[in-house]
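Novice: Structure supplied as start-v1.txt; contents: compact mmCIF, C-alpha atoms.
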```txt
# COMPACT_ATOMS: atom_id res chain seq x y z
CA MET W 1 183.25 85.69 59.02
CA GLY W 2 184.77 84.19 62.15
CA ARG W 3 183.07 81.36 64.02
CA SER W 4 182.18 83.58 67.01
CA LYS W 5 180.65 86.26 64.74
CA LEU W 6 178.65 83.61 62.89
CA ILE W 7 177.27 82.20 66.15
CA PHE W 8 176.33 85.72 67.33
CA SER W 9 174.58 86.50 64.02
CA VAL W 10 172.54 83.29 64.12
CA PHE W 11 171.62 83.96 67.77
CA PHE W 12 170.65 87.58 67.00
CA LEU W 13 168.48 86.61 64.02
CA SER W 14 166.83 83.87 66.07
CA VAL W 15 165.94 86.33 68.81
CA ILE W 16 164.52 88.75 66.24
CA GLY W 17 162.45 85.96 64.65
CA VAL W 18 161.07 84.77 67.94
CA SER W 19 160.23 88.33 68.97
CA PHE W 20 158.15 88.78 65.82
CA LEU W 21 156.25 85.65 66.73
CA ILE W 22 155.56 86.50 70.36
CA THR W 23 155.18 90.29 70.32
CA PRO W 24 151.60 90.37 68.95
CA ALA W 25 150.47 87.96 71.64
CA PHE W 26 151.92 90.14 74.38
CA SER W 27 150.88 93.46 72.84
CA GLN W 28 147.26 92.47 72.26
CA VAL W 29 145.21 93.66 75.26
CA LYS W 30 142.46 91.33 76.36
CA PRO W 31 139.08 93.12 76.08
CA ILE W 32 136.96 93.88 79.13
CA GLU W 33 134.05 91.47 78.88
CA LEU W 34 130.72 92.45 80.48
CA THR W 35 127.43 90.58 80.85
CA TYR W 36 124.12 92.42 80.35
CA ALA W 37 120.89 90.95 81.78
CA GLN W 38 117.74 91.71 79.76
CA PHE W 39 114.33 90.31 80.77
CA GLN W 40 112.57 91.18 77.50
CA PRO W 41 112.30 88.66 74.64
CA ALA W 42 115.01 88.55 72.00
CA GLN W 43 112.74 90.10 69.34
CA HIS W 44 111.43 92.94 71.54
CA PHE W 45 112.61 96.33 70.33
CA ASN W 46 114.06 97.16 73.76
CA ASN W 47 116.22 94.05 73.64
CA LYS W 48 117.33 94.99 70.12
CA LEU W 49 118.27 98.44 71.44
CA SER W 50 120.28 96.81 74.24
CA GLU W 51 122.17 94.80 71.64
CA SER W 52 122.86 97.89 69.54
CA TYR W 53 124.02 99.66 72.72
CA ALA W 54 126.52 96.85 73.32
CA LYS W 55 127.80 97.09 69.74
CA GLU W 56 128.17 100.86 70.01
CA ILE W 57 130.22 100.58 73.20
CA GLU W 58 132.46 98.01 71.52
CA LYS W 59 132.85 100.24 68.45
CA ARG W 60 133.68 103.43 70.36
CA THR W 61 136.14 101.66 72.65
CA SER W 62 137.83 100.08 69.59
CA GLY W 63 137.05 96.62 70.90
CA ARG W 64 138.40 97.24 74.39
CA VAL W 65 134.95 96.49 75.85
CA LYS W 66 132.68 93.65 74.75
CA ILE W 67 129.17 93.29 76.17
CA THR W 68 127.13 90.10 75.85
CA VAL W 69 123.36 90.62 76.17
CA PHE W 70 121.36 87.77 77.72
CA SER W 71 117.71 88.28 76.71
CA GLY W 72 114.46 86.79 77.99
CA GLY W 73 115.57 86.59 81.62
CA THR W 74 118.04 83.80 80.81
CA LEU W 75 120.73 85.27 83.07
CA ILE W 76 118.55 86.85 85.78
CA ALA W 77 114.75 87.06 86.13
CA ALA W 78 113.18 90.52 85.81
CA ASP W 79 112.36 90.88 89.50
CA LYS W 80 115.85 89.72 90.52
CA THR W 81 117.83 91.90 88.11
CA TYR W 82 118.70 94.84 90.35
CA ASN W 83 119.90 92.68 93.25
CA GLY W 84 121.66 90.41 90.76
CA ILE W 85 123.67 93.39 89.51
CA ILE W 86 124.61 94.33 93.09
CA GLN W 87 125.74 90.74 93.73
CA GLY W 88 127.72 90.58 90.47
CA ILE W 89 125.62 87.83 88.88
CA ALA W 90 125.44 90.21 85.92
CA ASP W 91 127.79 93.13 85.31
CA MET W 92 124.89 95.26 84.13
CA GLY W 93 121.23 94.96 83.24
CA MET W 94 117.84 96.47 82.47
CA SER W 95 114.57 96.02 84.35
CA CYS W 96 111.63 97.92 85.86
CA MET W 97 111.72 99.51 89.29
CA SER W 98 108.13 98.32 89.87
CA TYR W 99 109.30 94.69 89.94
CA THR W 100 110.89 95.43 93.31
CA ARG W 101 108.16 97.63 94.78
CA GLY W 102 109.38 99.46 97.86
CA LYS W 103 113.04 99.32 96.81
CA PHE W 104 112.80 102.65 94.97
CA PRO W 105 110.17 104.61 96.92
CA LEU W 106 110.86 108.14 95.71
CA SER W 107 111.06 106.98 92.09
CA GLU W 108 107.52 105.60 92.26
CA VAL W 109 106.42 109.11 91.28
CA ILE W 110 107.30 108.20 87.68
CA ASP W 111 104.81 105.30 87.60
CA LEU W 112 101.92 107.48 88.76
CA PRO W 113 99.18 108.54 86.32
CA LEU W 114 100.69 111.97 85.72
CA GLY W 115 98.96 112.39 82.35
CA TYR W 116 101.69 111.13 80.02
CA LYS W 117 101.18 111.45 76.28
CA THR W 118 104.49 110.22 74.84
CA GLY W 119 107.36 107.89 75.59
CA VAL W 120 109.86 110.62 74.71
CA ALA W 121 108.48 112.88 77.45
CA ALA W 122 108.24 110.04 79.98
CA THR W 123 111.87 109.04 79.34
CA LYS W 124 113.17 112.61 79.48
CA LEU W 125 111.24 113.13 82.71
CA ILE W 126 112.65 110.12 84.55
CA ASN W 127 116.21 111.16 83.67
CA LEU W 128 115.55 114.76 84.73
CA PHE W 129 114.04 113.49 87.97
CA TYR W 130 117.15 111.42 88.69
CA GLU W 131 119.51 114.30 87.98
CA LYS W 132 117.48 116.60 90.21
CA PHE W 133 116.98 114.34 93.25
CA LYS W 134 119.77 111.71 92.92
CA PRO W 135 117.79 109.28 95.16
CA LYS W 136 119.97 107.27 97.54
CA GLU W 137 117.91 104.20 96.60
CA TYR W 138 120.29 103.67 93.65
CA ASN W 139 123.55 104.07 95.56
CA GLU W 140 124.39 100.36 95.44
CA THR W 141 124.88 100.46 91.65
CA GLU W 142 126.11 102.84 88.97
CA ILE W 143 123.17 104.06 86.92
CA MET W 144 123.73 104.12 83.17
CA TYR W 145 120.40 105.64 82.22
CA PHE W 146 116.63 105.39 82.67
CA MET W 147 113.68 105.14 80.32
CA ALA W 148 109.92 105.06 80.78
CA HIS W 149 107.33 103.60 78.45
CA SER W 150 104.76 105.50 76.44
CA PRO W 151 101.42 106.13 78.19
CA GLY W 152 99.46 103.18 79.52
CA ILE W 153 95.96 103.51 78.07
CA LEU W 154 92.76 101.46 77.73
CA HIS W 155 92.16 98.75 75.12
CA SER W 156 88.66 97.24 75.23
CA LYS W 157 86.17 94.91 73.60
CA LYS W 158 83.49 97.62 73.81
CA PRO W 159 84.62 101.13 72.82
CA ILE W 160 85.18 103.49 75.76
CA TYR W 161 84.24 107.06 74.92
CA LYS W 162 83.81 108.48 78.41
CA LEU W 163 84.71 107.74 82.01
CA GLU W 164 81.30 106.26 82.79
CA ASP W 165 81.81 103.55 80.15
CA ILE W 166 84.46 101.90 82.35
CA LYS W 167 82.15 101.31 85.31
CA GLY W 168 82.00 97.60 86.15
CA GLN W 169 84.30 96.60 83.25
CA LYS W 170 86.79 93.85 84.08
CA ILE W 171 90.17 95.30 83.14
CA ARG W 172 93.41 93.31 83.07
CA SER W 173 96.14 95.14 84.94
CA SER W 174 99.15 94.62 87.15
CA GLY W 175 101.09 96.50 89.80
CA LEU W 176 100.21 100.16 90.22
CA ALA W 177 97.83 100.00 87.23
CA THR W 178 95.37 97.94 89.29
CA ARG W 179 94.82 100.99 91.50
CA ILE W 180 94.33 103.18 88.44
CA VAL W 181 91.63 100.83 87.12
CA THR W 182 89.86 100.96 90.49
CA LYS W 183 89.96 104.76 90.59
CA LEU W 184 88.46 104.87 87.09
CA GLY W 185 85.55 102.69 88.18
CA GLY W 186 86.65 99.42 86.62
CA VAL W 187 87.25 96.03 88.21
CA PRO W 188 90.98 95.19 88.09
CA VAL W 189 91.92 91.62 87.20
CA GLY W 190 95.54 90.73 87.94
CA MET W 191 97.09 89.00 84.95
CA THR W 192 100.36 88.76 83.02
CA MET W 193 100.76 90.20 79.54
CA GLY W 194 101.08 86.70 78.08
CA GLU W 195 97.70 85.57 79.47
CA THR W 196 95.80 88.59 78.21
CA TYR W 197 95.10 87.65 74.57
CA ASP W 198 93.30 84.43 75.49
CA SER W 199 91.41 86.10 78.34
CA LEU W 200 90.19 88.87 76.04
CA SER W 201 89.15 86.44 73.33
CA ARG W 202 87.18 84.27 75.80
CA GLY W 203 85.59 87.23 77.59
CA VAL W 204 87.33 86.58 80.91
CA VAL W 205 88.20 90.29 80.86
CA ASP W 206 86.59 93.18 79.00
CA GLY W 207 89.74 95.18 78.46
CA THR W 208 93.33 95.85 79.45
CA VAL W 209 95.68 98.75 80.17
CA ALA W 210 99.11 99.07 78.55
CA PRO W 211 100.99 101.22 76.04
CA GLN W 212 99.51 101.35 72.54
CA GLU W 213 102.36 99.26 71.11
CA SER W 214 101.05 96.25 73.04
CA ALA W 215 97.94 96.14 70.85
CA LYS W 216 100.12 94.96 67.99
CA GLY W 217 103.11 93.52 69.84
CA TRP W 218 100.85 91.19 71.86
CA ARG W 219 98.18 90.99 69.09
CA TRP W 220 95.46 92.33 71.39
CA GLY W 221 94.16 94.36 68.46
CA GLU W 222 92.75 91.12 67.06
CA VAL W 223 90.46 90.63 70.07
CA VAL W 224 89.53 94.18 71.12
CA SER W 225 87.44 96.68 69.18
CA ALA W 226 89.09 99.89 70.35
CA SER W 227 91.98 101.67 72.00
CA THR W 228 91.07 104.77 74.00
CA GLN W 229 93.70 107.47 74.36
CA SER W 230 92.93 108.02 78.04
CA PHE W 231 95.89 110.37 78.50
CA GLY W 232 94.30 112.14 81.46
CA ALA W 233 95.09 109.01 83.46
CA GLY W 234 98.10 108.08 81.35
CA TYR W 235 100.69 106.27 83.47
CA SER W 236 104.15 104.95 82.74
CA THR W 237 106.65 102.46 84.12
CA GLY W 238 110.23 103.40 84.87
CA PHE W 239 113.11 101.20 83.67
CA PHE W 240 116.73 101.35 84.81
CA VAL W 241 119.96 100.32 83.13
CA ALA W 242 122.54 99.86 85.89
CA MET W 243 126.07 98.48 86.32
CA ASN W 244 127.71 96.74 89.23
CA LYS W 245 129.48 99.44 91.27
CA LYS W 246 132.78 97.59 91.61
CA LYS W 247 132.83 96.79 87.91
CA TRP W 248 132.17 100.43 87.02
CA ASN W 249 134.95 101.67 89.31
CA SER W 250 137.37 99.24 87.65
CA LEU W 251 136.86 100.78 84.21
CA PRO W 252 139.48 103.26 82.94
CA PRO W 253 138.31 106.91 82.96
CA ASP W 254 138.28 107.17 79.16
CA ILE W 255 136.00 104.15 78.91
CA GLN W 256 133.69 105.54 81.59
CA LYS W 257 133.47 108.73 79.51
CA ILE W 258 132.41 106.71 76.46
CA PHE W 259 129.74 104.92 78.49
CA ARG W 260 128.32 108.26 79.68
CA GLU W 261 128.12 109.55 76.12
CA VAL W 262 126.40 106.42 74.80
CA ASN W 263 124.07 106.26 77.82
CA LYS W 264 122.59 109.67 77.02
CA GLU W 265 122.09 108.78 73.37
CA TRP W 266 120.43 105.44 74.11
CA ALA W 267 118.03 106.92 76.66
CA ASP W 268 116.76 109.15 73.84
CA LYS W 269 116.62 106.20 71.44
CA ASN W 270 114.55 104.13 73.88
CA GLY W 271 112.08 106.96 74.48
CA ALA W 272 111.64 107.56 70.75
CA ALA W 273 111.23 103.83 70.08
CA TRP W 274 108.16 103.62 72.35
CA ASP W 275 106.47 106.36 70.33
CA TYR W 276 107.48 104.82 67.01
CA TYR W 277 105.93 101.48 67.90
CA ASP W 278 102.88 103.19 69.40
CA LYS W 279 102.22 104.86 66.04
CA GLU W 280 102.82 101.60 64.19
CA ALA W 281 100.26 99.88 66.43
CA ARG W 282 97.70 102.68 66.02
CA ASP W 283 98.03 102.52 62.24
CA TRP W 284 97.70 98.75 62.33
CA MET W 285 94.57 98.93 64.53
CA ILE W 286 92.93 101.33 62.06
CA SER W 287 93.91 99.12 59.12
CA GLN W 288 92.11 96.25 60.88
CA GLY W 289 88.93 98.32 61.11
CA LYS W 290 89.34 98.97 64.84
CA LYS W 291 88.81 102.32 66.58
CA VAL W 292 91.45 104.57 68.11
CA ILE W 293 89.44 106.98 70.25
CA ALA W 294 90.78 110.42 71.15
CA LEU W 295 89.10 111.86 74.25
CA SER W 296 88.08 115.50 74.43
CA PRO W 297 90.00 117.81 76.80
CA GLU W 298 86.96 117.82 79.10
CA GLU W 299 86.80 114.03 79.22
CA ASN W 300 90.54 113.74 79.79
CA ALA W 301 90.13 116.14 82.71
CA LYS W 302 87.58 113.75 84.23
CA PHE W 303 90.06 110.87 83.95
CA ALA W 304 92.77 113.00 85.57
CA ALA W 305 90.47 113.99 88.44
CA ALA W 306 89.51 110.36 89.07
CA VAL W 307 93.13 109.28 89.65
CA ARG W 308 94.29 112.44 91.43
CA PRO W 309 93.93 110.82 94.90
CA MET W 310 96.79 108.47 93.96
CA LEU W 311 99.12 111.44 93.66
CA ASN W 312 98.12 112.71 97.08
CA GLU W 313 98.59 109.22 98.56
CA TYR W 314 102.13 109.12 97.15
CA VAL W 315 102.98 112.42 98.86
CA GLU W 316 101.65 111.16 102.20
CA ASN W 317 103.53 107.85 101.91
CA MET W 318 106.80 109.65 101.15
CA LYS W 319 106.25 112.02 104.07
CA LYS W 320 106.01 109.02 106.42
CA GLN W 321 109.36 107.80 105.09
CA GLY W 322 111.02 111.20 105.43
CA LEU W 323 111.37 111.58 101.65
CA PRO W 324 110.64 114.70 99.56
CA GLY W 325 107.54 113.31 97.85
CA LYS W 326 105.77 116.63 97.39
CA GLU W 327 108.86 118.21 95.85
CA ALA W 328 109.29 115.21 93.54
CA LEU W 329 105.64 115.25 92.45
CA ASP W 330 105.56 119.02 91.90
CA PHE W 331 108.80 118.84 89.91
CA CYS W 332 107.53 115.99 87.72
CA LEU W 333 104.17 117.61 87.01
CA ALA W 334 105.82 120.92 86.08
CA GLU W 335 108.49 119.31 83.87
CA LEU W 336 106.01 117.00 82.16
CA LYS W 337 103.83 119.97 81.29
CA LYS W 338 106.82 121.59 79.55
CA LEU W 339 107.84 118.37 77.81
CA GLU W 340 104.34 117.59 76.52
CA LYS W 341 103.72 121.05 74.99
```
Would you give me this structure, written as structure tokens?
Specialist:
Amino acid sequence: MGRSKLIFSVFFLSVIGVSFLITPAFSQVKPIELTYAQFQPAQHFNNKLSESYAKEIEKRTSGRVKITVFSGGTLIAADKTYNGIIQGIADMGMSCMSYTRGKFPLSEVIDLPLGYKTGVAATKLINLFYEKFKPKEYNETEIMYFMAHSPGILHSKKPIYKLEDIKGQKIRSSGLATRIVTKLGGVPVGMTMGETYDSLSRGVVDGTVAPQESAKGWRWGEVVSASTQSFGAGYSTGFFVAMNKKKWNSLPPDIQKIFREVNKEWADKNGAAWDYYDKEARDWMISQGKKVIALSPEENAKFAAAVRPMLNEYVENMKKQGLPGKEALDFCLAELKKLEK
């Protein structure tokens, strides 16, 4: 082999060798990394579902998207989450609309005591409501999905069998639930979930309102004697999962499609989880010798009648704001009736 051919061969092989070394680095696409703000504690089932959501997105995008979930409000506090997503502090996040009361006026219909019986129905309803009315109040973000918790009911130191039993009882509540307690004849006491156990045990309050799962999740079942399935006045709280609008628009269409598919599935999972943990808490209460009281249809009707003025007040408030409150309420009541059959 001539000297020039030898030099060319060495050069050619060197180029080939170097290309094998550098090609993987250039061909490997850097994943899209997203931050997810969660206000619920790390061990809460909703936070666990957010983490499984993140893993599912990563799996279905073959690693092209990686989502890091920040639980317990470590990235953004619950009441700052929505605005934090708009500002890009988090790429996406979950929180309750009620934490920014007035920001989502038409959606407040979901939090009303519509007579919820299950978390599945409440979650299906809030997503149907959004699809039907597409409220402009969410235009600053891209909504992934919504969920709503299982019915808020009464948990008390003295068993509540009928509406009259609530009269004068000091009931821990917060937000819209304080108005529900008042309508039912109780005395609302504003208090966080974390303060409730001690207040019940010391007699500062006589009872509390929340989904059944709280009786076990917050250990209230240890310091109350009964849970009353007051579904006639059963209320819920709407939650959103939203993404920063600019971030969403930057995602490739095929990835957006994957998000939409997973969003629908996880809305259903969240709704079902509320009911699963409700049942677990009911069973636990009974195993502890506590009562789970089912009201008669007649008694539930009394509860529903007591809170009905709140529904009328919502319609009037929406009318003042030029929003279709009556249409939203009528739609939700009709759909919930179908869902709760």
Novice: Of the residues W:Val65, W:Ala42, W:Leu114, W:Ile76, which is the one nearest to Thr237 (chain W), using all atoms listed in the file?
Specialist: W:Leu114
Novice: Looking at W:Gln38, W:Asn270, W:Thr74, W:Asn46, which one is nearest to Thr118 (chain W), with distances taken over all atoms listed in the file?
Specialist: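 Distance minimum relative to Thr118 (chain W) lands on W:Asn270.
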Novice: To one decimal place in Å, what is the distance between CA of Ser230 (chain W) and CA of Lys117 (chain W)?
Specialist: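 CA of Lys117 (chain W) lies 9.1 Å from CA of Ser230 (chain W).
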Novice: Taking only residues of region 262-330 of chain W that have an atom at most 8 Å from an atom of region 100-110 of chain W, what is each one's shortest atom pair and its distance in Å to one decimal, using only C-alpha atoms, in chain and number order, as CSV?
Specialist:
```
residue,atom,partner,partner_atom,distance
W:Tyr314,CA,W:Val109,CA,7.3
W:Met318,CA,W:Leu106,CA,7.0
W:Leu323,CA,W:Leu106,CA,6.9
W:Pro324,CA,W:Leu106,CA,7.6
W:Gly325,CA,W:Leu106,CA,6.5
W:Ala328,CA,W:Val109,CA,7.1
W:Leu329,CA,W:Val109,CA,6.3
```
Novice: With distances taken over only C-alpha atoms, which residue among W:Arg202, W:Lys269, W:His149, W:Lys245 lies nearest Ser52 (chain W)?
Specialist: W:Lys269
Novice: Counting all atoms listed in the file, figure out which residue out of W:Thr182, W:Gln212, W:Thr61, W:Gln229 gets nearest to Glu299 (chain W).
Specialist: W:Gln229
Novice: Please indicate the distance in Å from CA of Ser250 (chain W) to CA of Ile32 (chain W), rounded to one decimal place.
Specialist: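 Taking CA of Ser250 (chain W) as the start and CA of Ile32 (chain W) as the end point, the length is 10.1 Å.
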Novice: Which of these residues is nearest to Gly93 (chain W), using all atoms listed in the file: W:Gly119, W:Gly73, W:Pro253, W:Gly152?
Specialist: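 Under the stated criterion, the closest residue is W:Gly73.
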Novice: Expressed in Å to a single decimal, how great is the separation between CA of Thr81 (chain W) and CA of Val120 (chain W)?
Specialist: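 Calculated distance between CA of Thr81 (chain W) and CA of Val120 (chain W) is 24.4 Å.
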Novice: Select, from W:Ala148, W:Met310, W:Leu154, W:Ala54, the residue with the minimum atom-to-atom distance to Gly238 (chain W), counting only C-alpha atoms.
Specialist: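 Counting only C-alpha atoms, the residue closest to Gly238 (chain W) is W:Ala148.
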Novice: Tell me which protein, DNA and RNA residues are within 6 Å of Gly207 (chain W), counting all atoms listed in the file, leaving out same-chain ones fewer than 2 positions away, and put them as a list in words.
Specialist: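 In the requested form, the answer reads His155, Ser156, Ile171 and Val205 of chain W.
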Novice: What does the file look like for those residues with C-alpha atoms, as an mmCIF file, keeping the file's coordinate frame?
Specialist:
```
data_model
loop_
_atom_site.group_PDB
_atom_site.id
_atom_site.type_symbol
_atom_site.label_atom_id
_atom_site.label_comp_id
_atom_site.auth_asym_id
_atom_site.auth_seq_id
_atom_site.Cartn_x
_atom_site.Cartn_y
_atom_site.Cartn_z
ATOM 1 C CA HIS W 155 92.160 98.750 75.120
ATOM 2 C CA SER W 156 88.660 97.240 75.230
ATOM 3 C CA ILE W 171 90.170 95.300 83.140
ATOM 4 C CA VAL W 205 88.200 90.290 80.860
#
```
Novice: If we count only C-alpha atoms and set the cut-off at 8 Å, which residues sit around Asp206 (chain W), ignoring sequence neighbours fewer than 6 positions away in its own chain? Please answer as a list in words.
Specialist: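 Contacts, in chain order: Ser156, Lys157, Lys158, Gln169, Lys170, Ile171, Arg172 and Leu200 of chain W.
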Novice: List the spatial neighbours of Lys162 (chain W) as a list in words - criterion: any atom at most 12 Å away, all atoms listed in the file, same-chain residues fewer than 3 positions off excluded.
Specialist: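 The residues satisfying every condition are Leu154, Lys158, Pro159, Asp165, Ile166, Lys167, Leu184, Gly185, Thr228, Gln229, Ser230, Gly232, Ile293, Ala294, Leu295, Ser296, Pro297, Glu298, Glu299, Asn300, Ala301, Lys302 and Phe303 of chain W.
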Novice: Box in all listed atoms of region 60-74 of chain W, axis-aligned, with 6 Å more on each side; write out centre and edge lengths in Å to one decimal as lines of an AutoDock Vina configuration file.
Specialist:
```
center_x = 126.4
center_y = 93.6
center_z = 75.6
size_x = 35.9
size_y = 31.6
size_z = 24.0
```
Novice: Using the incomplete input, complete region 143-152 of chain W to the level of all heavy atoms; output as an mmCIF file, keeping the file's coordinate frame.
Specialist:
```cif
data_model
loop_
_atom_site.group_PDB
_atom_site.id
_atom_site.type_symbol
_atom_site.label_atom_id
_atom_site.label_comp_id
_atom_site.auth_asym_id
_atom_site.auth_seq_id
_atom_site.Cartn_x
_atom_site.Cartn_y
_atom_site.Cartn_z
ATOM 1 N N ILE W 143 124.237 103.934 87.906
ATOM 2 C CA ILE W 143 123.170 104.060 86.920
ATOM 3 C C ILE W 143 123.748 104.486 85.576
ATOM 4 O O ILE W 143 124.515 105.441 85.477
ATOM 5 C CB ILE W 143 122.104 105.073 87.387
ATOM 6 C CG1 ILE W 143 121.340 104.507 88.597
ATOM 7 C CG2 ILE W 143 121.143 105.416 86.267
ATOM 8 C CD1 ILE W 143 120.529 103.247 88.322
ATOM 9 N N MET W 144 123.376 103.748 84.535
ATOM 10 C CA MET W 144 123.730 104.120 83.170
ATOM 11 C C MET W 144 122.718 105.138 82.652
ATOM 12 O O MET W 144 123.049 106.241 82.291
ATOM 13 C CB MET W 144 123.775 102.890 82.267
ATOM 14 C CG MET W 144 124.783 101.812 82.689
ATOM 15 S SD MET W 144 126.522 102.294 82.477
ATOM 16 C CE MET W 144 126.938 102.836 84.131
ATOM 17 N N TYR W 145 121.459 104.723 82.606
ATOM 18 C CA TYR W 145 120.400 105.640 82.220
ATOM 19 C C TYR W 145 119.047 105.036 82.585
ATOM 20 O O TYR W 145 118.956 103.880 83.008
ATOM 21 C CB TYR W 145 120.453 105.984 80.721
ATOM 22 C CG TYR W 145 120.166 104.845 79.767
ATOM 23 C CD1 TYR W 145 118.875 104.572 79.322
ATOM 24 C CD2 TYR W 145 121.199 104.049 79.267
ATOM 25 C CE1 TYR W 145 118.618 103.540 78.421
ATOM 26 C CE2 TYR W 145 120.963 103.017 78.370
ATOM 27 C CZ TYR W 145 119.660 102.773 77.947
ATOM 28 O OH TYR W 145 119.411 101.749 77.067
ATOM 29 N N PHE W 146 118.007 105.843 82.423
ATOM 30 C CA PHE W 146 116.630 105.390 82.670
ATOM 31 C C PHE W 146 115.812 105.574 81.397
ATOM 32 O O PHE W 146 116.158 106.361 80.519
ATOM 33 C CB PHE W 146 115.978 106.242 83.770
ATOM 34 C CG PHE W 146 116.586 106.090 85.125
ATOM 35 C CD1 PHE W 146 117.591 106.952 85.543
ATOM 36 C CD2 PHE W 146 116.149 105.103 86.002
ATOM 37 C CE1 PHE W 146 118.152 106.837 86.801
ATOM 38 C CE2 PHE W 146 116.706 104.977 87.254
ATOM 39 C CZ PHE W 146 117.707 105.843 87.663
ATOM 40 N N MET W 147 114.699 104.865 81.336
ATOM 41 C CA MET W 147 113.680 105.140 80.320
ATOM 42 C C MET W 147 112.331 104.857 80.961
ATOM 43 O O MET W 147 112.245 104.244 82.042
ATOM 44 C CB MET W 147 113.875 104.290 79.077
ATOM 45 C CG MET W 147 113.559 102.832 79.276
ATOM 46 S SD MET W 147 113.329 102.001 77.699
ATOM 47 C CE MET W 147 113.036 100.317 78.263
ATOM 48 N N ALA W 148 111.269 105.341 80.316
ATOM 49 C CA ALA W 148 109.920 105.060 80.780
ATOM 50 C C ALA W 148 109.032 104.868 79.560
ATOM 51 O O ALA W 148 109.205 105.563 78.550
ATOM 52 C CB ALA W 148 109.403 106.213 81.654
ATOM 53 N N HIS W 149 108.112 103.917 79.650
ATOM 54 C CA HIS W 149 107.330 103.600 78.450
ATOM 55 C C HIS W 149 106.279 104.654 78.123
ATOM 56 O O HIS W 149 105.915 105.485 78.951
ATOM 57 C CB HIS W 149 106.724 102.193 78.536
ATOM 58 C CG HIS W 149 105.623 102.001 79.544
ATOM 59 N ND1 HIS W 149 104.477 102.776 79.588
ATOM 60 C CD2 HIS W 149 105.467 101.074 80.523
ATOM 61 C CE1 HIS W 149 103.664 102.349 80.521
ATOM 62 N NE2 HIS W 149 104.254 101.315 81.134
ATOM 63 N N SER W 150 105.815 104.609 76.897
ATOM 64 C CA SER W 150 104.760 105.500 76.440
ATOM 65 C C SER W 150 103.499 105.255 77.264
ATOM 66 O O SER W 150 103.393 104.244 77.957
ATOM 67 C CB SER W 150 104.496 105.255 74.948
ATOM 68 O OG SER W 150 104.317 103.868 74.695
ATOM 69 N N PRO W 151 102.532 106.198 77.247
ATOM 70 C CA PRO W 151 101.420 106.130 78.190
ATOM 71 C C PRO W 151 100.623 104.831 78.174
ATOM 72 O O PRO W 151 100.277 104.308 77.114
ATOM 73 C CB PRO W 151 100.538 107.314 77.798
ATOM 74 C CG PRO W 151 100.945 107.652 76.406
ATOM 75 C CD PRO W 151 102.397 107.327 76.332
ATOM 76 N N GLY W 152 100.360 104.321 79.371
ATOM 77 C CA GLY W 152 99.460 103.180 79.520
ATOM 78 C C GLY W 152 98.040 103.680 79.340
ATOM 79 O O GLY W 152 97.608 104.604 80.040
#
```
